[in-house]
file entry00.csv (CSV, C-alpha atoms and all ligand atoms)
chain,number,residue,atom,x,y,z
A,56,MET,CA,16.4,-33.2,36.4
A,57,HIS,CA,14.5,-36.0,38.1
A,58,THR,CA,12.7,-38.7,36.2
A,59,HIS,CA,9.4,-40.0,37.6
A,60,GLN,CA,7.2,-42.9,36.5
A,61,LEU,CA,3.5,-42.2,36.7
A,62,SER,CA,1.1,-45.1,36.5
A,63,ILE,CA,-2.4,-46.3,37.2
A,64,GLN,CA,-4.0,-49.7,36.9
A,65,VAL,CA,-7.4,-49.8,35.2
A,66,ALA,CA,-9.7,-52.1,37.3
A,67,ASP,CA,-12.0,-52.9,34.3
A,68,PRO,CA,-10.0,-53.6,31.1
A,69,ALA,CA,-13.1,-52.5,29.1
A,70,ASN,CA,-12.4,-49.0,30.3
A,71,LEU,CA,-8.8,-48.9,29.0
A,72,PRO,CA,-9.4,-46.7,25.9
A,73,ASP,CA,-11.3,-44.0,27.8
A,74,ALA,CA,-8.9,-44.3,30.8
A,75,PHE,CA,-6.0,-43.8,28.3
A,76,ASN,CA,-7.6,-40.5,27.2
A,77,GLU,CA,-8.1,-39.3,30.8
A,78,PHE,CA,-4.5,-40.2,31.5
A,79,GLU,CA,-3.4,-38.1,28.5
A,80,PHE,CA,-5.4,-35.1,29.9
A,81,LEU,CA,-3.7,-35.5,33.2
A,82,ILE,CA,-0.2,-35.5,31.6
A,83,SER,CA,-1.0,-32.4,29.7
A,84,SER,CA,-2.2,-30.7,32.9
A,85,TYR,CA,1.1,-31.6,34.6
A,86,TYR,CA,2.8,-29.8,31.7
A,87,THR,CA,0.8,-26.6,32.0
A,88,SER,CA,1.2,-26.7,35.8
A,89,GLY,CA,5.0,-26.6,35.3
A,90,GLN,CA,5.4,-30.0,37.1
A,91,LYS,CA,6.3,-31.9,33.9
A,92,LEU,CA,9.1,-30.6,31.7
A,93,GLY,CA,8.8,-30.7,27.9
A,94,LYS,CA,5.7,-30.8,25.8
A,95,GLN,CA,6.2,-34.3,24.4
A,96,HIS,CA,5.4,-37.5,26.1
A,97,THR,CA,4.5,-41.1,25.4
A,98,VAL,CA,1.8,-43.1,27.3
A,99,TYR,CA,2.1,-46.8,27.1
A,100,VAL,CA,0.0,-49.7,28.3
A,101,ASP,CA,1.5,-52.5,30.3
A,102,GLY,CA,-1.2,-55.1,30.9
A,103,ASN,CA,-4.0,-53.1,32.5
A,104,THR,CA,-1.7,-50.4,33.6
A,105,LEU,CA,-1.2,-47.0,32.0
A,106,VAL,CA,2.4,-45.6,32.3
A,107,CYS,CA,4.1,-42.4,31.4
A,108,ILE,CA,7.7,-41.2,32.1
A,109,ILE,CA,7.7,-37.6,33.5
A,110,PRO,CA,10.9,-35.5,33.6
A,111,ALA,CA,10.7,-32.8,36.3
A,112,HIS,CA,13.0,-30.3,38.1
A,113,GLU,CA,12.7,-31.8,41.6
A,114,GLU,CA,12.1,-35.0,43.4
A,115,THR,CA,9.0,-33.3,44.8
A,116,SER,CA,7.7,-31.8,41.6
A,117,LEU,CA,4.7,-34.2,41.4
A,118,SER,CA,3.8,-33.8,45.1
A,119,THR,CA,0.2,-32.8,45.7
A,120,GLU,CA,1.2,-29.3,47.1
A,121,ASN,CA,2.4,-28.4,43.6
A,122,ASN,CA,-0.8,-29.6,41.9
A,123,ASN,CA,-3.1,-26.9,40.5
A,124,TYR,CA,-6.8,-26.9,40.2
A,125,TYR,CA,-6.8,-28.9,36.9
A,126,VAL,CA,-4.2,-31.5,38.0
A,127,THR,CA,-6.3,-32.2,41.1
A,128,LEU,CA,-9.5,-32.4,39.1
A,129,ARG,CA,-7.9,-34.8,36.5
A,130,ILE,CA,-6.4,-37.0,39.2
A,131,GLU,CA,-9.8,-37.3,41.0
A,132,ARG,CA,-11.6,-38.1,37.8
A,133,LEU,CA,-8.9,-40.6,36.6
A,134,GLU,CA,-8.8,-42.5,40.0
A,135,GLU,CA,-12.6,-42.7,40.1
A,136,PHE,CA,-12.7,-43.9,36.5
A,137,CYS,CA,-9.9,-46.5,37.0
A,138,GLY,CA,-10.9,-47.6,40.5
A,139,ASN,CA,-7.3,-47.3,41.6
A,140,LYS,CA,-4.9,-44.7,42.9
A,141,ILE,CA,-2.2,-43.0,40.8
A,142,GLN,CA,1.3,-44.3,41.6
A,143,VAL,CA,4.4,-42.1,41.3
A,144,LYS,CA,7.9,-43.8,41.4
A,145,GLN,CA,11.2,-42.1,41.3
A,146,LEU,CA,13.3,-43.6,38.5
A,147,GLY,CA,16.5,-41.6,38.9
A,148,LYS,CA,18.1,-38.2,38.3
A,149,ALA,CA,20.5,-36.6,35.9
A,150,LEU,CA,24.2,-37.3,36.5
A,151,GLU,CA,24.8,-33.6,36.8
A,152,GLU,CA,21.8,-32.3,38.6
A,153,GLN,CA,20.6,-28.8,37.7
A,154,PRO,CA,20.2,-26.7,40.8
A,155,VAL,CA,16.8,-25.2,41.6
A,156,CYS,CA,16.6,-21.7,43.1
A,157,THR,CA,16.1,-21.7,46.8
A,158,CYS,CA,16.4,-17.9,47.4
A,159,ALA,CA,13.8,-16.5,49.9
A,160,LYS,CA,13.3,-13.7,47.4
A,161,SER,CA,14.9,-13.2,44.0
A,162,ASP,CA,16.4,-9.8,43.1
A,163,PHE,CA,14.8,-10.2,39.7
A,164,TYR,CA,13.7,-13.0,37.2
A,165,LEU,CA,15.1,-13.6,33.7
A,166,LEU,CA,13.0,-15.2,30.9
A,167,ILE,CA,15.4,-17.2,28.8
A,168,ALA,CA,15.2,-20.4,26.7
A,169,ASP,CA,17.1,-22.3,24.0
A,170,HIS,CA,16.4,-24.9,21.3
A,171,ALA,CA,17.6,-27.9,23.4
A,172,ALA,CA,16.5,-27.3,27.0
A,173,ILE,CA,13.1,-28.3,28.4
A,174,ASP,CA,13.6,-26.5,31.7
A,175,SER,CA,11.4,-23.8,33.1
A,176,PRO,CA,12.4,-20.6,31.2
A,177,ILE,CA,12.6,-18.6,34.4
A,178,LYS,CA,16.0,-18.1,36.0
A,179,CYS,CA,16.5,-16.4,39.4
A,180,GLY,CA,18.4,-13.1,39.1
A,181,THR,CA,20.2,-13.7,42.4
A,182,CYS,CA,21.5,-17.3,42.1
A,183,PHE,CA,20.8,-17.7,38.3
A,184,ASP,CA,19.4,-21.2,39.0
A,185,VAL,CA,16.2,-22.3,37.5
A,186,VAL,CA,12.8,-21.4,39.1
A,187,PRO,CA,10.2,-24.2,38.5
A,188,LEU,CA,7.0,-22.6,37.2
A,189,TYR,CA,4.9,-24.1,40.0
A,190,LYS,CA,6.8,-21.9,42.5
A,191,LEU,CA,5.3,-18.8,40.8
A,192,PRO,CA,1.8,-17.5,41.4
A,193,ALA,CA,-0.7,-19.0,38.9
A,194,TYR,CA,-0.3,-17.1,35.6
A,195,TYR,CA,-3.4,-18.0,33.6
A,196,GLU,CA,-6.2,-20.4,34.2
A,197,HIS,CA,-4.5,-21.8,37.3
A,198,GLY,CA,-1.3,-22.7,35.2
A,199,TYR,CA,1.4,-21.3,33.0
A,200,ALA,CA,0.3,-22.1,29.4
A,201,PRO,CA,1.2,-18.6,28.0
A,202,ILE,CA,4.7,-18.8,29.4
A,203,LEU,CA,5.1,-22.3,27.9
A,204,ALA,CA,3.7,-21.1,24.6
A,205,TRP,CA,6.4,-18.5,24.4
A,206,GLU,CA,9.0,-21.1,25.3
A,207,THR,CA,8.0,-23.5,22.5
A,208,ASN,CA,8.0,-20.6,20.0
A,209,TYR,CA,11.5,-19.6,21.1
A,210,GLN,CA,12.7,-23.2,20.8
A,211,ALA,CA,11.2,-23.4,17.3
A,212,VAL,CA,12.8,-20.1,16.2
A,213,ASP,CA,16.2,-21.0,17.9
A,214,THR,CA,16.1,-24.4,16.1
A,215,LEU,CA,15.8,-22.6,12.7
A,216,GLN,CA,18.7,-20.3,13.7
A,217,ILE,CA,20.9,-23.1,14.8
A,218,ASP,CA,20.2,-25.4,11.8
A,219,GLY,CA,20.8,-22.5,9.5
A,220,GLU,CA,19.1,-24.0,6.4
A,221,VAL,CA,15.6,-22.6,6.6
A,222,GLY,CA,14.8,-19.0,7.8
A,223,GLU,CA,18.0,-18.4,9.6
A,224,GLU,CA,18.0,-14.7,9.0
A,225,TRP,CA,14.4,-14.3,10.0
A,226,ALA,CA,15.0,-16.4,13.1
A,227,THR,CA,18.0,-14.4,14.1
A,228,GLU,CA,16.0,-11.2,13.8
A,229,GLN,CA,13.2,-12.6,15.9
A,230,MET,CA,15.6,-13.4,18.7
A,231,SER,CA,17.7,-10.2,18.6
A,232,ASN,CA,15.2,-7.4,17.8
A,233,PRO,CA,13.4,-6.3,21.0
A,234,ASN,CA,10.3,-5.5,19.0
A,235,SER,CA,10.0,-8.7,16.9
A,236,GLU,CA,6.8,-10.8,17.3
A,237,LEU,CA,8.8,-13.3,19.4
A,238,SER,CA,10.2,-10.6,21.7
A,239,ILE,CA,6.9,-8.8,22.0
A,240,GLN,CA,5.3,-12.1,23.1
A,241,GLY,CA,8.2,-12.8,25.6
A,242,ARG,CA,8.3,-9.3,27.0
A,243,GLY,CA,4.5,-9.5,27.5
A,244,VAL,CA,5.1,-12.7,29.5
A,245,CYS,CA,7.7,-10.8,31.6
A,246,ALA,CA,5.3,-8.0,32.3
A,247,GLY,CA,2.7,-10.5,33.4
A,248,ILE,CA,5.1,-12.3,35.8
A,249,GLU,CA,6.3,-9.0,37.2
A,250,GLN,CA,2.7,-7.9,37.8
A,251,LYS,CA,1.8,-11.2,39.6
A,252,THR,CA,5.0,-11.5,41.7
A,253,GLY,CA,6.1,-7.9,42.2
A,254,ILE,CA,9.6,-9.0,41.1
A,255,ASN,CA,11.2,-7.2,38.1
A,256,THR,CA,11.3,-9.7,35.2
A,257,TYR,CA,13.8,-9.3,32.3
A,258,TYR,CA,13.8,-10.7,28.8
A,259,TYR,CA,16.9,-12.2,27.4
A,260,LEU,CA,17.8,-10.7,24.0
A,261,HIS,CA,20.2,-12.6,21.6
A,262,ASN,CA,23.1,-10.4,20.5
A,263,THR,CA,24.4,-11.0,17.0
A,264,LYS,CA,25.8,-7.5,16.3
A,265,GLU,CA,29.0,-7.6,14.2
A,266,ASN,CA,30.9,-5.3,16.6
A,267,THR,CA,34.5,-5.2,17.7
A,268,ALA,CA,35.1,-5.8,21.4
A,269,GLU,CA,35.5,-2.0,21.8
A,270,GLN,CA,32.2,-1.2,20.1
A,271,GLU,CA,30.5,-3.8,22.3
A,272,LEU,CA,31.7,-1.9,25.4
A,273,ASP,CA,30.1,1.3,24.1
A,274,SER,CA,26.9,-0.4,22.9
A,275,VAL,CA,23.4,0.8,23.9
A,276,CYS,CA,20.2,-0.9,24.7
A,277,PRO,CA,18.6,-1.7,21.3
A,278,ALA,CA,15.2,-0.6,22.5
A,279,CYS,CA,15.9,2.8,24.2
A,280,GLN,CA,19.4,3.6,23.0
A,281,ILE,CA,20.8,4.2,26.5
A,282,PRO,CA,24.3,2.7,27.4
A,283,TRP,CA,23.6,-0.6,29.1
A,284,LEU,CA,27.1,-2.1,30.0
A,285,LEU,CA,27.1,-3.2,33.6
A,286,THR,CA,30.1,-2.5,35.9
A,287,THR,CA,29.8,-6.0,37.2
A,288,PRO,CA,28.4,-8.5,34.6
A,289,LEU,CA,25.7,-10.8,35.9
A,290,ALA,CA,25.9,-14.6,36.3
A,291,ASN,CA,29.7,-14.8,36.5
A,292,GLY,CA,30.2,-12.7,33.4
A,293,ILE,CA,27.6,-14.3,31.2
A,294,PHE,CA,25.4,-11.2,31.0
A,295,PRO,CA,27.2,-7.8,30.7
A,296,PHE,CA,24.2,-5.9,29.4
A,297,LYS,CA,21.1,-4.9,31.3
A,298,CYS,CA,18.5,-2.2,30.7
A,299,ASP,CA,16.2,-1.5,33.7
A,300,ASN,CA,14.0,0.8,31.6
A,301,CYS,CA,13.2,-1.8,29.0
A,302,ARG,CA,13.7,-4.9,31.2
A,303,LEU,CA,16.2,-6.4,28.8
A,304,ILE,CA,19.4,-8.5,29.5
A,305,SER,CA,22.0,-9.6,26.9
A,306,ALA,CA,25.3,-11.2,26.4
A,307,PHE,CA,28.3,-10.2,24.3
A,308,SER,CA,27.7,-10.7,20.6
A,309,VAL,CA,28.2,-14.2,19.2
A,310,ASN,CA,29.6,-12.4,16.1
A,311,LEU,CA,32.4,-10.4,17.7
A,312,ALA,CA,34.6,-8.9,14.9
A,313,GLY,CA,38.4,-9.3,15.5
A,401,ZN,ZN,17.7,-17.9,43.4
A,402,ZN,ZN,16.4,0.1,27.1
call {"tool": "encode", "arguments": {"input": "entry00.csv", "output": "structure tokens", "more": "lines below"}}
Ligand SMILES: [Zn+2]
Ligand SMILES: [Zn+2]
result
Amino acid sequence: MHTHQLSIQVADPANLPDAFNEFEFLISSYYTSGQKLGKQHTVYVDGNTLVCIIPAHEETSLSTENNNYYVTLRIERLEEFCGNKIQVKQLGKALEEQPVCTCAKSDFYLLIADHAAIDSPIKCGTCFDVVPLYKLPAYYEHGYAPILAWETNYQAVDTLQIDGEVGEEWATEQMSNPNSELSIQGRGVCAGIEQKTGINTYYYLHNTKENTAEQELDSVCPACQIPWLLTTPLANGIFPFKCDNCRLISAFSVNLAG
């Protein structure tokens, strides 16, 4: 994770309120282009300068080659409006840097998220490192809004499940049933990515079955009921289950009975 500071000085102070709105539009476009991580942000004013802190996967995430149509358009408008150029400053990086996939071609992709992470929800099925969304072909309207919409839904549902006080049972069902509303949305995203990239894209299904370890070894894909235990689990043993028919991947149950 790399942290960038994005700023622009507003030449005419009378334009500050409108420039503030234009700057907000640009930050939102950086989110849907996959360059900025996380939906939330705060814009602040320092004298006549608008400033926002942008978390991103790479040092180069905000480079112009990663800008989509809307980001380019917003930057042009903002710079014209402000009479100045956007400035990007590297503030630093996470102590333990999360590697980004550099594979020439991934064997497959995995759509996976959790309540706490703001990363791209796409993992490479070869190295299992993260794939920044801007590395994928444009998904919708030049950006990735439907993928991010699924990710924020998943985070909301996972938060209910983790907190355990409101809707835990409903949330667990949403995350572990391959035909829940959440799973249908996510599997639709997988199908869309697969269609655009030609790379098989799997959906991660949460496993909460109250099985013994022996029963887990005999378990079947919850969508097509075919045995789905892999001879060699994926990602150093994290994912022992995969169904190529249904494009589902899963882990051993979090509720293993003794
Ligand atoms: Zn990779
Ligand atoms: Zn299946």
call {"tool": "closest_residue", "arguments": {"input": "entry00.csv", "among": "A:Ala290, A:Ile130, A:Ile82, A:Ile173", "to": "ligand ZN 401 (chain A)", "atoms": "only C-alpha atoms and all ligand atoms"}}
result
A:Ala290
call {"tool": "residues_around", "arguments": {"input": "entry00.csv", "residues": "A:Asp162", "least_positions_apart": "4", "cutoff": "12 Å", "atoms": "only C-alpha atoms", "output": "list in words"}}
result
Cys156, Cys158, Lys178, Cys179, Gly180, Thr181, Cys182, Phe183, Glu249, Thr252, Gly253, Ile254, Asn255, Thr256, Tyr257 and Leu289 of chain A
call {"tool": "atom_distance", "arguments": {"input": "entry00.csv", "atom1": "atom CA of A:Ile108", "atom2": "atom CA of A:Thr157"}}
result
25.8 Å
call {"tool": "residues_around", "arguments": {"input": "entry00.csv", "residues": "A:Leu311", "least_positions_apart": "5", "cutoff": "8 Å", "atoms": "only C-alpha atoms", "output": "PyMOL selection string"}}
result
chain A and resi 264-268
call {"tool": "residues_near_ligand", "arguments": {"input": "entry00.csv", "ligand": "ligand ZN 402 (chain A)", "cutoff": "6 Å", "atoms": "all atoms listed in the file", "output": "compact mmCIF listing (two decimals) with C-alpha atoms, in the frame of the given file"}}
result
# COMPACT_ATOMS: atom_id res chain seq x y z
CA CYS A 276 20.20 -0.90 24.70
CA ALA A 278 15.20 -0.60 22.50
CA CYS A 279 15.90 2.80 24.20
CA CYS A 298 18.50 -2.20 30.70
CA ASN A 300 14.00 0.80 31.60
CA CYS A 301 13.20 -1.80 29.00
call {"tool": "residues_near_point", "arguments": {"input": "entry00.csv", "point": "(12.7, -9.9, 18.2)", "cutoff": "12 Å", "atoms": "all atoms listed in the file", "output": "PyMOL selection string"}}
result
chain A and resi 208-209+212-213+224-242+258-263+277-278+303
call {"tool": "atom_distance", "arguments": {"input": "entry00.csv", "atom1": "atom CA of A:Tyr85", "atom2": "atom CA of A:Ala200"}}
result
10.9 Å
call {"tool": "atom_distance", "arguments": {"input": "entry00.csv", "atom1": "atom CA of A:Thr207", "atom2": "atom CA of A:Glu120"}}
result
26.2 Å
call {"tool": "closest_residue", "arguments": {"input": "entry00.csv", "among": "A:Thr87, A:Ser118, A:Ser274, A:Asn139", "to": "A:Lys297", "atoms": "all atoms listed in the file"}}
result
A:Ser274
call {"tool": "residues_near_point", "arguments": {"input": "entry00.csv", "point": "(-6.4, -50.6, 35.3)", "cutoff": "6 Å", "atoms": "only C-alpha atoms", "output": "NGL selection string"}}
result
:A and (64-66 or 103-104 or 137)
call {"tool": "closest_residue", "arguments": {"input": "entry00.csv", "among": "A:His112, A:Arg129, A:Lys160, A:His96", "to": "ligand ZN 401 (chain A)", "atoms": "only C-alpha atoms and all ligand atoms"}}
result
A:Lys160
call {"tool": "closest_residue", "arguments": {"input": "entry00.csv", "among": "A:Gln250, A:Ser161, A:Ser175, A:Ser88", "to": "ligand ZN 401 (chain A)", "atoms": "all atoms listed in the file"}}
result
A:Ser161
call {"tool": "residues_around", "arguments": {"input": "entry00.csv", "residues": "A:Leu150", "least_positions_apart": "3", "cutoff": "12 Å", "atoms": "all atoms listed in the file", "output": "ChimeraX atom specification"}}
result
/A:56-58,147,153
call {"tool": "closest_residue", "arguments": {"input": "entry00.csv", "among": "A:Val98, A:Ile141, A:Val186, A:Leu92", "to": "ligand ZN 401 (chain A)", "atoms": "all atoms listed in the file"}}
result
A:Val186
call {"tool": "closest_residue", "arguments": {"input": "entry00.csv", "among": "A:Val185, A:Ile177, A:Val106, A:Ile202", "to": "A:Tyr164", "atoms": "only C-alpha atoms"}}
result
A:Ile177
call {"tool": "residues_around", "arguments": {"input": "entry00.csv", "residues": "A:Asn123", "least_positions_apart": "2", "cutoff": "10 Å", "atoms": "only C-alpha atoms", "output": "PyMOL selection string"}}
result
chain A and resi 84-85+87-90+119-121+125-128+189+193+196-198
call {"tool": "build_atoms", "arguments": {"input": "entry00.csv", "residues": "stretch 175-186 of chain A", "atoms": "all heavy atoms", "output": "mmCIF file, in the frame of the given file"}}
result
data_model
loop_
_atom_site.group_PDB
_atom_site.id
_atom_site.type_symbol
_atom_site.label_atom_id
_atom_site.label_comp_id
_atom_site.auth_asym_id
_atom_site.auth_seq_id
_atom_site.Cartn_x
_atom_site.Cartn_y
_atom_site.Cartn_z
ATOM 1 N N SER A 175 12.212 -25.035 32.928
ATOM 2 C CA SER A 175 11.400 -23.800 33.100
ATOM 3 C C SER A 175 12.252 -22.664 32.519
ATOM 4 O O SER A 175 13.468 -22.585 32.726
ATOM 5 C CB SER A 175 11.255 -23.552 34.621
ATOM 6 O OG SER A 175 10.969 -22.187 34.832
ATOM 7 N N PRO A 176 11.605 -21.752 31.777
ATOM 8 C CA PRO A 176 12.400 -20.600 31.200
ATOM 9 C C PRO A 176 12.613 -19.482 32.135
ATOM 10 O O PRO A 176 13.076 -18.441 31.702
ATOM 11 C CB PRO A 176 11.460 -20.221 30.010
ATOM 12 C CG PRO A 176 10.085 -20.547 30.464
ATOM 13 C CD PRO A 176 10.196 -21.756 31.352
ATOM 14 N N ILE A 177 12.314 -19.667 33.421
ATOM 15 C CA ILE A 177 12.600 -18.600 34.400
ATOM 16 C C ILE A 177 13.818 -18.897 35.197
ATOM 17 O O ILE A 177 13.930 -19.965 35.813
ATOM 18 C CB ILE A 177 11.373 -18.440 35.390
ATOM 19 C CG1 ILE A 177 10.038 -18.320 34.656
ATOM 20 C CG2 ILE A 177 11.597 -17.255 36.319
ATOM 21 C CD1 ILE A 177 9.855 -17.042 33.911
ATOM 22 N N LYS A 178 14.764 -17.943 35.175
ATOM 23 C CA LYS A 178 16.000 -18.100 36.000
ATOM 24 C C LYS A 178 15.910 -16.979 37.088
ATOM 25 O O LYS A 178 15.406 -15.871 36.856
ATOM 26 C CB LYS A 178 17.240 -17.854 35.173
ATOM 27 C CG LYS A 178 17.416 -18.872 34.057
ATOM 28 C CD LYS A 178 17.925 -20.197 34.561
ATOM 29 C CE LYS A 178 18.207 -21.182 33.435
ATOM 30 N NZ LYS A 178 17.026 -21.597 32.678
ATOM 31 N N CYS A 179 16.462 -17.317 38.246
ATOM 32 C CA CYS A 179 16.500 -16.400 39.400
ATOM 33 C C CYS A 179 17.659 -15.383 39.119
ATOM 34 O O CYS A 179 18.765 -15.799 38.782
ATOM 35 C CB CYS A 179 16.748 -17.147 40.647
ATOM 36 S SG CYS A 179 17.232 -16.124 42.040
ATOM 37 N N GLY A 180 17.402 -14.098 39.296
ATOM 38 C CA GLY A 180 18.400 -13.100 39.100
ATOM 39 C C GLY A 180 19.390 -12.934 40.251
ATOM 40 O O GLY A 180 20.308 -12.117 40.199
ATOM 41 N N THR A 181 19.218 -13.714 41.311
ATOM 42 C CA THR A 181 20.200 -13.700 42.400
ATOM 43 C C THR A 181 21.152 -14.852 42.300
ATOM 44 O O THR A 181 22.358 -14.644 42.293
ATOM 45 C CB THR A 181 19.391 -13.810 43.774
ATOM 46 O OG1 THR A 181 18.409 -12.788 43.819
ATOM 47 C CG2 THR A 181 20.332 -13.671 44.969
ATOM 48 N N CYS A 182 20.640 -16.077 42.143
ATOM 49 C CA CYS A 182 21.500 -17.300 42.100
ATOM 50 C C CYS A 182 21.682 -17.775 40.633
ATOM 51 O O CYS A 182 22.541 -18.593 40.367
ATOM 52 C CB CYS A 182 20.984 -18.372 42.965
ATOM 53 S SG CYS A 182 19.388 -19.034 42.405
ATOM 54 N N PHE A 183 20.838 -17.317 39.707
ATOM 55 C CA PHE A 183 20.800 -17.700 38.300
ATOM 56 C C PHE A 183 20.511 -19.224 38.135
ATOM 57 O O PHE A 183 20.781 -19.804 37.090
ATOM 58 C CB PHE A 183 22.054 -17.281 37.529
ATOM 59 C CG PHE A 183 21.975 -15.814 37.207
ATOM 60 C CD1 PHE A 183 22.511 -14.886 38.072
ATOM 61 C CD2 PHE A 183 21.280 -15.361 36.099
ATOM 62 C CE1 PHE A 183 22.385 -13.525 37.823
ATOM 63 C CE2 PHE A 183 21.144 -14.016 35.847
ATOM 64 C CZ PHE A 183 21.697 -13.088 36.711
ATOM 65 N N ASP A 184 19.951 -19.832 39.171
ATOM 66 C CA ASP A 184 19.400 -21.200 39.000
ATOM 67 C C ASP A 184 18.001 -21.107 38.520
ATOM 68 O O ASP A 184 17.387 -20.041 38.520
ATOM 69 C CB ASP A 184 19.500 -21.931 40.375
ATOM 70 C CG ASP A 184 20.934 -22.244 40.769
ATOM 71 O OD1 ASP A 184 21.774 -22.381 39.853
ATOM 72 O OD2 ASP A 184 21.228 -22.321 41.976
ATOM 73 N N VAL A 185 17.494 -22.260 38.118
ATOM 74 C CA VAL A 185 16.200 -22.300 37.500
ATOM 75 C C VAL A 185 15.063 -22.174 38.563
ATOM 76 O O VAL A 185 15.222 -22.640 39.698
ATOM 77 C CB VAL A 185 16.052 -23.604 36.673
ATOM 78 C CG1 VAL A 185 15.925 -24.838 37.572
ATOM 79 C CG2 VAL A 185 14.914 -23.555 35.709
ATOM 80 N N VAL A 186 13.975 -21.527 38.175
ATOM 81 C CA VAL A 186 12.800 -21.400 39.100
ATOM 82 C C VAL A 186 11.681 -22.249 38.445
ATOM 83 O O VAL A 186 11.140 -21.880 37.388
ATOM 84 C CB VAL A 186 12.342 -19.933 39.185
ATOM 85 C CG1 VAL A 186 11.119 -19.831 40.099
ATOM 86 C CG2 VAL A 186 13.477 -19.040 39.686
#
